[in-house]
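Undergrad: One structure coming up, written as structure tokens, with questions to follow.
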Amino acid sequence: MNKHHEITGPADDQQQITLRGPAELADALPYMMGYHPTDSIVMVALHGDRGRFGGRLRLGIPRSPREWPPVAEQLADCLIEGCERRGSRPDGIVVFLCQDPAGEETARGVMERLRPLAQRLRTACGSLDVPVYEALCISGGRFWSYCCPDTRCCPPEGNPMGLPGTSVMAAAAAYAGIQVRGSLKDMERRLRPWPYEAAGTAAQVRALDTAGADLVPRILHLTGREAVRADTIRLVRTLMGRLADGPRLADPVEADARDDALIGHEEAAAAILGLQDRETRDRAAEWMEGPDAAPALRLWRALARRCAGAYAEHAAAPLTLAGWVAWSTGDEPAARVALGLALECDPEYVFARLLHQACNEGLDPESLRRCLREEREARAARTGSALEAGASPGAGASPGSGASPGAGVSPGAGTSPGSAASSGARVSPGAEASSGAGEAPVRTAARPGGAPGTRSAARPPVGARTAGRAAARRAGRRTGRPTAGGDGRVPARGTRGDSPAAARGRVARRPGGRGSRSGR
């Protein structure tokens, strides 16, 4: 058995946790990520003689084995380069392949099927002179080591995972007040559009069709666009107030069902289409903290679920708002999931890219919140209107903003959705966000960039451009090359990893689209 010691915990408070062997490594994974990764490749950098945890990186397992070689090379390059860029080349890497069996396949069958992928990853890291100390497959409640040939400790049938909450990592996480929030699939399910067969999907699609026929001509007209913006903000306030008045439910499934029941199809359609306007979306981003944050997050999740059928791409706006609120309130794992799904909807959605990269780079959202407050105050001084100042439903003025074109709610980071983790990340239990763990916005490295359809996009405001350039400098990005950042999201080969300025130019050159999508 390949035994080695990993120490996790912030260096400044002397809290250290030592993990010995594959069993404790497998048990520690969800605490490092903040959730149970499913259908995922997870790579963790190790530093120093004792294997201090560093950057983490996550990518969905490509379905086609033909994609495994380029994916392995890209992941190894992103993680190692990202760690170097943050000051320390990793001394080793631990690889996790997480996938549960489907259909009649057994957990051992999953392990054997993924063995070539594990070997590709080991070879890719070794070609960069960074060894893989351990490679584990976790499937069906059991784990296997691809590196240990000793059947006495690593039998062919695998070893059972430990009981939840009984490990040293679980004890440390409980002491720190950190909870594992279920699986990645559970988190994504709260944000993905309703399936076609779900009750209410057909009615929601019809409502979106009707709202589009009414709103698109108005949005295309300058005067009508301002009226639609005002109507959308009022509607969003009303829906937030309605959600805030209801009791909180502990069960996520019941809570989401209750929220869905409180929002009518026509209301959801009008809000979804109204949020496709950049200024309206930025204005809605002001509900980012305080009593407004919880109902706003619930509303953005509910609206993302309503983007059913052909309107799935419209979910990029509410998903990005959900990611921003989650990041602003300190829930970085949830922020990465939401922003990753937004980039799945539209890999070129600039707002999501900027937020995603800022979150990946470990930037403090307070600097953005402060900028938004200043924008809100300036807007209020110009208009003298409580409505324009962003008064929250029943709670006075919201402590955020984003209403003016200069707000742009773009915290400044590069446009590439991919990145690897920082080598100097905090490694306390469950510290996916601080240490740079994350999930990729694309499932394979062969999918071309871009999204179906076109959108007309306004040039990002001055504040967003400045913040974007600053964060891009922090990221040390090189144009045209996938980079490594805090989250470990890796852009697909064939997608563009260029600078924020180049991305803005590209977006501005795109032809006008549906009219209901007036900006990013």
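Each chain in the structure tokens gets a letter, A, B and so on, in the order shown; residues start at 1 in every chain, and ligands are counted from 1 in the order they appear.
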Please list as a PyMOL selection string every residue within 12 Å of region 211-217 of chain A, counting only C-alpha atoms and excluding residues in the same chain fewer than 2 positions away.
TA: chain A and resi 204-209+219-229+231-232+265-277+311+314+513-518
Undergrad: May I have the residues within 9 Å of region 152-166 of chain A as a PyMOL selection string, using only C-alpha atoms and disregarding those fewer than 5 positions away in the same chain?
TA: chain A and resi 1+23-24+26-27+107-108+138+140-145+171+174
Undergrad: Could you pull the residues within 8 Å of Leu339 (chain A), counting only C-alpha atoms, minus those fewer than 3 positions along the same chain, as a ChimeraX atom specification?
TA: /A:319-320,322-323,335-336,342-343,352-353,355-356,441
Undergrad: Mind writing the picked residues with N, CA and C atoms as a PDB file, in the first residue's frame?
TA:
```pdb
ATOM      1  N   LEU A 319     -28.287  31.661 -13.540  1.00  0.00           N
ATOM      2  CA  LEU A 319     -27.240  30.840 -12.938  1.00  0.00           C
ATOM      3  C   LEU A 319     -26.052  31.687 -12.515  1.00  0.00           C
ATOM      4  N   THR A 320     -25.693  32.663 -13.323  1.00  0.00           N
ATOM      5  CA  THR A 320     -24.579  33.537 -12.962  1.00  0.00           C
ATOM      6  C   THR A 320     -24.929  34.374 -11.747  1.00  0.00           C
ATOM      7  N   ALA A 322     -26.984  33.452  -9.416  1.00  0.00           N
ATOM      8  CA  ALA A 322     -26.932  32.520  -8.284  1.00  0.00           C
ATOM      9  C   ALA A 322     -25.493  32.295  -7.840  1.00  0.00           C
ATOM     10  N   GLY A 323     -24.578  32.161  -8.804  1.00  0.00           N
ATOM     11  CA  GLY A 323     -23.175  31.996  -8.450  1.00  0.00           C
ATOM     12  C   GLY A 323     -22.613  33.209  -7.734  1.00  0.00           C
ATOM     13  N   ALA A 335     -21.062  28.372  -5.438  1.00  0.00           N
ATOM     14  CA  ALA A 335     -20.814  29.374  -6.478  1.00  0.00           C
ATOM     15  C   ALA A 335     -20.160  28.743  -7.687  1.00  0.00           C
ATOM     16  N   ARG A 336     -19.189  27.871  -7.467  1.00  0.00           N
ATOM     17  CA  ARG A 336     -18.512  27.239  -8.588  1.00  0.00           C
ATOM     18  C   ARG A 336     -19.453  26.334  -9.375  1.00  0.00           C
ATOM     19  N   ALA A 342     -23.553  27.770 -15.685  1.00  0.00           N
ATOM     20  CA  ALA A 342     -23.769  28.926 -16.553  1.00  0.00           C
ATOM     21  C   ALA A 342     -22.853  28.853 -17.773  1.00  0.00           C
ATOM     22  N   LEU A 343     -21.621  28.421 -17.557  1.00  0.00           N
ATOM     23  CA  LEU A 343     -20.682  28.308 -18.668  1.00  0.00           C
ATOM     24  C   LEU A 343     -20.990  27.102 -19.544  1.00  0.00           C
ATOM     25  N   ALA A 352     -20.256  35.463 -16.448  1.00  0.00           N
ATOM     26  CA  ALA A 352     -19.957  34.233 -15.718  1.00  0.00           C
ATOM     27  C   ALA A 352     -18.468  33.945 -15.719  1.00  0.00           C
ATOM     28  N   ARG A 353     -17.816  34.202 -16.838  1.00  0.00           N
ATOM     29  CA  ARG A 353     -16.377  33.950 -16.911  1.00  0.00           C
ATOM     30  C   ARG A 353     -15.622  34.816 -15.920  1.00  0.00           C
ATOM     31  N   LEU A 355     -16.723  36.342 -13.156  1.00  0.00           N
ATOM     32  CA  LEU A 355     -17.012  35.915 -11.791  1.00  0.00           C
ATOM     33  C   LEU A 355     -16.310  34.600 -11.472  1.00  0.00           C
ATOM     34  N   HIS A 356     -16.359  33.688 -12.408  1.00  0.00           N
ATOM     35  CA  HIS A 356     -15.779  32.369 -12.190  1.00  0.00           C
ATOM     36  C   HIS A 356     -14.285  32.456 -11.950  1.00  0.00           C
ATOM     37  N   PRO A 441     -16.393  23.607 -16.474  1.00  0.00           N
ATOM     38  CA  PRO A 441     -17.629  23.952 -17.138  1.00  0.00           C
ATOM     39  C   PRO A 441     -17.891  23.120 -18.367  1.00  0.00           C
TER      40      PRO A 441
END
```
Undergrad: Calculate how many Å separate CA of Pro195 (chain A) from CA of Ala310 (chain A), rounding to one decimal.
TA: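 Computing the Euclidean distance for CA of Pro195 (chain A) and CA of Ala310 (chain A) yields 11.4 Å.
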Undergrad: Could you give me, as a PyMOL selection string, each residue of region 192-396 of chain A that DSSP assigns to helix (DSSP H, G or I) when run on this structure's backbone?
TA: chain A and resi 201-220+222-245+252-262+265-274+278-284+290-305+309-328+332-345+350-360+365-383+386-389
Undergrad: CA of Leu25 (chain A) to CA of Arg63 (chain A): how many Å, to one decimal?
TA: 25.4 Å
Undergrad: Choose the residue, out of A:Met187, A:Cys359, A:Val168, A:Ala135, that has the smallest atom-to-atom separation from Gly330 (chain A); count only C-alpha atoms.
TA: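 Closest to Gly330 (chain A) of all the choices is A:Cys359.
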Undergrad: Under the rule that only C-alpha atoms are counted, which of A:Val95, A:Pro365, A:Leu59, A:Leu299 is the nearest residue to Leu235 (chain A)?
TA: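 Among the listed residues, A:Leu299 lies closest to Leu235 (chain A).
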Undergrad: DSSP on the backbone: which residues in region 96-230 of chain A end up as strand (DSSP E)? Give the answer as a list in words.
TA: Phe96, Leu97, Cys98, Val132, Tyr133, Glu134, Ala135, Leu136, Cys137, Ile138, Ser139, Arg142, Phe143, Trp144, Ser145, Asn159 and Pro160 of chain A
Undergrad: Quote the spacing between CA of Gln179 (chain A) and CA of Leu29 (chain A) in Å to one decimal place.
TA: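 So the answer is 12.8 Å.
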Undergrad: Using only C-alpha atoms, can you tell me which of A:Arg189, A:Arg56, A:Arg248, A:Arg20 comes closest to Met43 (chain A)?
TA: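 For Met43 (chain A), the nearest of the candidates is A:Arg56.
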